[in-house]
Each structure stands twice: as structure tokens, then as C-alpha cells.
Amino acid sequence: MTREEIAAVFTKCGAMMEGHFRYTSGLHGSVYMQCAQIQKYPEYNELLCRELAENFRDKDVQLVVGPAVGGILTAYEVARQLKVPAIFSERENGVMKLRRGFAIEPGTRVLVVEDVITTGGSVQEVVNIVRESGGVPVGIGVMVDRSGGKAGFDVPLVPLLKLDLANYPPEECPLCKQGIPVIKPGSRQVRENQSAGHITV
């Protein structure tokens, strides 16, 4: 798929929202990529995850891991395409870890996936878990890299879409200075705006 074709899927699904957002990283910005809007359509999620999987088909991937929540369906579908198991990590008392009986056997070649990265912090935590378990991280696949190239990893990163969008610490955010209310995506207000047919909040 070309970049234009991939971007068209995001647009068709309404996955790009505009407004004033606080990201998981704590940074603020005016654009939020809500990949859940893609994942609610199995055919589009399959299409993009297949494209992502193709980039790692020659890496002898044995397991796919994604951080909850955004990485769960991405990991599942990429793993299905590669015909390997999928697991996910989640936070417990603020610490990213494997739960629910999930484990990584030493020597396992692991692909880490995520829907969107802004700073890459959650993905790096998953990479750390892989290594601490004795696994071998062979790559990172993401639907959207909106870090502007600032998210650096010591394993290959493959994004389907790269966006160079401004992110601000709260104390430097121009939207805050304008008095525009900040929204944490997933809140009731965002859902109400979406259900009303608006993507600008």
C-alpha cells in the first residue's frame, strides 16, 4: 500500500481528530490519531495489520506483543497474519508488565507492535520486558509514528504512517494559553462529539 492509500483508510474511518488533547505521554497537541476508529472495522484493521506484518515476514517472528489498550488488537491481527501467538502487556500500579499467565520464553524472537506512538515510552517498556524475559526483540511495528522522528529505539522501527505534528509540555502548550479546554481521548466528551458527528472538540 502507498502512503496515500494508508492515509485514506485513516480518513475514511474518522481516525484523525482535531482539538486540544492530552496524550498518554502527558504532552499536549492539536491532533489525535484514534486508531480504535479503524479497529472497529475488522476489514480495515486486517488490511493495515497485514501491511505491517509484511515488513517482518522474513524476521522469523515467533511471538507478537503489544501494550494495552491500543496494541491489543494490533498484536492479535499482526500475529494472525504471521501465524504466531499474540500476547499483551498492561500496567499494574503504573508499571508495565505481563499478566494473565502470559510469559516470554528465553530466546523467543518477538515483534513489538502498537497503534500510535508519540514519545515511544510505552513501546520501550515492552521492549524492556522482552529483554528482561530473555526474549529477542526483532523489530517494532506501529500504525502511526507521530513522534516526528524523536522516538528512538535500538531495534528497527517500521511505521505505516509518519506524521510530524507538534507536541508540547503542558506549561508550554499554546492551546492551554488560549484557554481551550484539554481533552484526554477516551473521555465522555470526546465520545459525545464523535456521536454528534464532529471530530473537532
# chains A, B, ... in the order shown; residues from 1 in each chain; ligands from 1

call {"tool": "closest_atom_pairs", "arguments": {"of": "range 23-141 of chain A", "to": "range 167-182 of chain A", "cutoff": "12 Å", "atoms": "only C-alpha atoms", "output": "tab-separated table"}}
result
residue	atom	partner	partner_atom	distance
A:Tyr23	CA	A:Asn167	CA	9.1
A:Thr24	CA	A:Asn167	CA	11.8
A:Ser25	CA	A:Pro169	CA	9.6
A:Gly26	CA	A:Pro169	CA	7.3
A:Leu27	CA	A:Pro169	CA	4.9
A:His28	CA	A:Tyr168	CA	5.0
A:Gly29	CA	A:Asn167	CA	4.9
A:Ser30	CA	A:Leu175	CA	7.9
A:Val31	CA	A:Asn167	CA	9.2
A:Tyr32	CA	A:Asn167	CA	10.7
A:Thr118	CA	A:Asn167	CA	8.4
A:Thr119	CA	A:Asn167	CA	9.5

call {"tool": "write_last_selection", "arguments": {"atoms": "N, CA and C atoms", "output": "short mmCIF file (atom, residue, chain, number, x, y, z; two decimals), in the first residue's frame"}}
result
data_model
loop_
_atom_site.label_atom_id
_atom_site.label_comp_id
_atom_site.auth_asym_id
_atom_site.auth_seq_id
_atom_site.Cartn_x
_atom_site.Cartn_y
_atom_site.Cartn_z
N TYR A 23 -2.08 13.63 25.59
CA TYR A 23 -1.74 12.29 25.18
C TYR A 23 -1.31 11.44 26.38
N THR A 24 -1.19 10.15 26.15
CA THR A 24 -0.75 9.25 27.21
C THR A 24 0.59 9.67 27.78
N SER A 25 1.43 10.26 26.94
CA SER A 25 2.76 10.70 27.37
C SER A 25 2.70 11.89 28.32
N GLY A 26 1.52 12.57 28.39
CA GLY A 26 1.40 13.79 29.18
C GLY A 26 1.55 15.05 28.36
N LEU A 27 2.07 14.90 27.14
CA LEU A 27 2.20 16.05 26.25
C LEU A 27 0.84 16.45 25.70
N HIS A 28 0.78 17.71 25.21
CA HIS A 28 -0.45 18.23 24.61
C HIS A 28 -0.24 18.44 23.11
N GLY A 29 -1.35 18.43 22.36
CA GLY A 29 -1.28 18.69 20.94
C GLY A 29 -2.66 18.90 20.36
N SER A 30 -2.70 19.23 19.06
CA SER A 30 -3.97 19.57 18.42
C SER A 30 -4.55 18.46 17.57
N VAL A 31 -3.82 17.35 17.39
CA VAL A 31 -4.30 16.25 16.56
C VAL A 31 -4.16 14.95 17.34
N TYR A 32 -5.20 14.14 17.31
CA TYR A 32 -5.16 12.83 17.98
C TYR A 32 -5.53 11.76 16.98
N THR A 118 3.81 8.44 20.34
CA THR A 118 4.10 9.88 20.41
C THR A 118 5.52 10.08 20.92
N THR A 119 5.83 9.53 22.08
CA THR A 119 7.21 9.56 22.59
C THR A 119 7.85 8.18 22.49
#

call {"tool": "select_by_dssp", "arguments": {"residues": "chain A", "states": "strand (DSSP E)", "output": "VMD selection string"}}
result
chain A and resid 16 to 22 28 to 33 63 to 67 86 to 92 95 to 98 109 to 117 136 to 145 157 to 162

call {"tool": "atom_distance", "arguments": {"atom1": "CA of Lys150 in chain A", "atom2": "CA of Lys162 in chain A"}}
result
11.3 Å

call {"tool": "residues_around", "arguments": {"residues": "Tyr41 in chain A", "least_positions_apart": "6", "cutoff": "12 Å", "atoms": "only C-alpha atoms", "output": "list in words"}}
result
Val9, Phe10, Lys12, Cys13, Gly14, Ala15, Cys35, Leu47, Leu48 and Leu73 of chain A

call {"tool": "residues_around", "arguments": {"residues": "range 140-149 of chain A", "least_positions_apart": "4", "cutoff": "8 Å", "atoms": "only C-alpha atoms", "output": "short mmCIF file (atom, residue, chain, number, x, y, z; two decimals) with C-alpha atoms, in the first residue's frame"}}
result
data_model
loop_
_atom_site.label_atom_id
_atom_site.label_comp_id
_atom_site.auth_asym_id
_atom_site.auth_seq_id
_atom_site.Cartn_x
_atom_site.Cartn_y
_atom_site.Cartn_z
CA MET A 33 -4.93 9.62 15.99
CA LEU A 48 -3.38 -2.36 7.78
CA CYS A 49 -2.09 -5.12 10.03
CA LEU A 52 2.50 -4.13 8.87
CA LEU A 111 7.84 -8.41 17.38
CA VAL A 112 6.53 -5.45 19.42
CA VAL A 113 3.56 -3.58 17.94
CA GLU A 114 1.49 -0.54 18.84
CA ASP A 115 -1.21 1.52 17.20
CA VAL A 116 0.26 5.03 17.74
CA ILE A 117 3.49 6.30 19.27
CA THR A 118 4.10 9.88 20.41
CA THR A 119 7.21 9.56 22.59
CA GLY A 120 7.54 5.78 22.30
CA VAL A 155 15.65 -2.10 17.20
CA PRO A 156 14.19 -1.41 13.74
CA LEU A 157 11.02 0.70 13.75
CA VAL A 158 8.53 0.35 10.88
CA PRO A 159 5.54 2.75 10.86
CA LEU A 160 2.78 2.60 8.26
CA LEU A 161 2.29 6.35 8.56
CA LYS A 162 4.71 9.02 9.81
CA LEU A 163 3.33 12.35 11.00
CA ASP A 164 5.40 15.30 12.15
CA LEU A 165 2.97 17.04 14.50
#

call {"tool": "atom_distance", "arguments": {"atom1": "CA of Arg57 in chain A", "atom2": "CA of Val69 in chain A"}}
result
24.3 Å

call {"tool": "select_by_dssp", "arguments": {"residues": "range 55-86 of chain A", "states": "helix (DSSP H, G or I)", "output": "VMD selection string"}}
result
chain A and resid 70 to 82

call {"tool": "atom_distance", "arguments": {"atom1": "CA of Asn45 in chain A", "atom2": "CA of Gly121 in chain A"}}
result
23.4 Å

call {"tool": "closest_residue", "arguments": {"among": "A:Ala36, A:Leu82, A:Val64, A:Ala8", "to": "Val130 in chain A", "atoms": "only C-alpha atoms"}}
result
A:Val64

call {"tool": "closest_residue", "arguments": {"among": "A:Glu51, A:Val138, A:Ala151, A:Ile72", "to": "Thr2 in chain A", "atoms": "only C-alpha atoms"}}
result
A:Glu51

call {"tool": "residues_around", "arguments": {"residues": "range 92-99 of chain A", "least_positions_apart": "2", "cutoff": "12 Å", "atoms": "only C-alpha atoms", "output": "PyMOL selection string"}}
result
chain A and resi 65-69+87-90+101-104+121-130+132-133
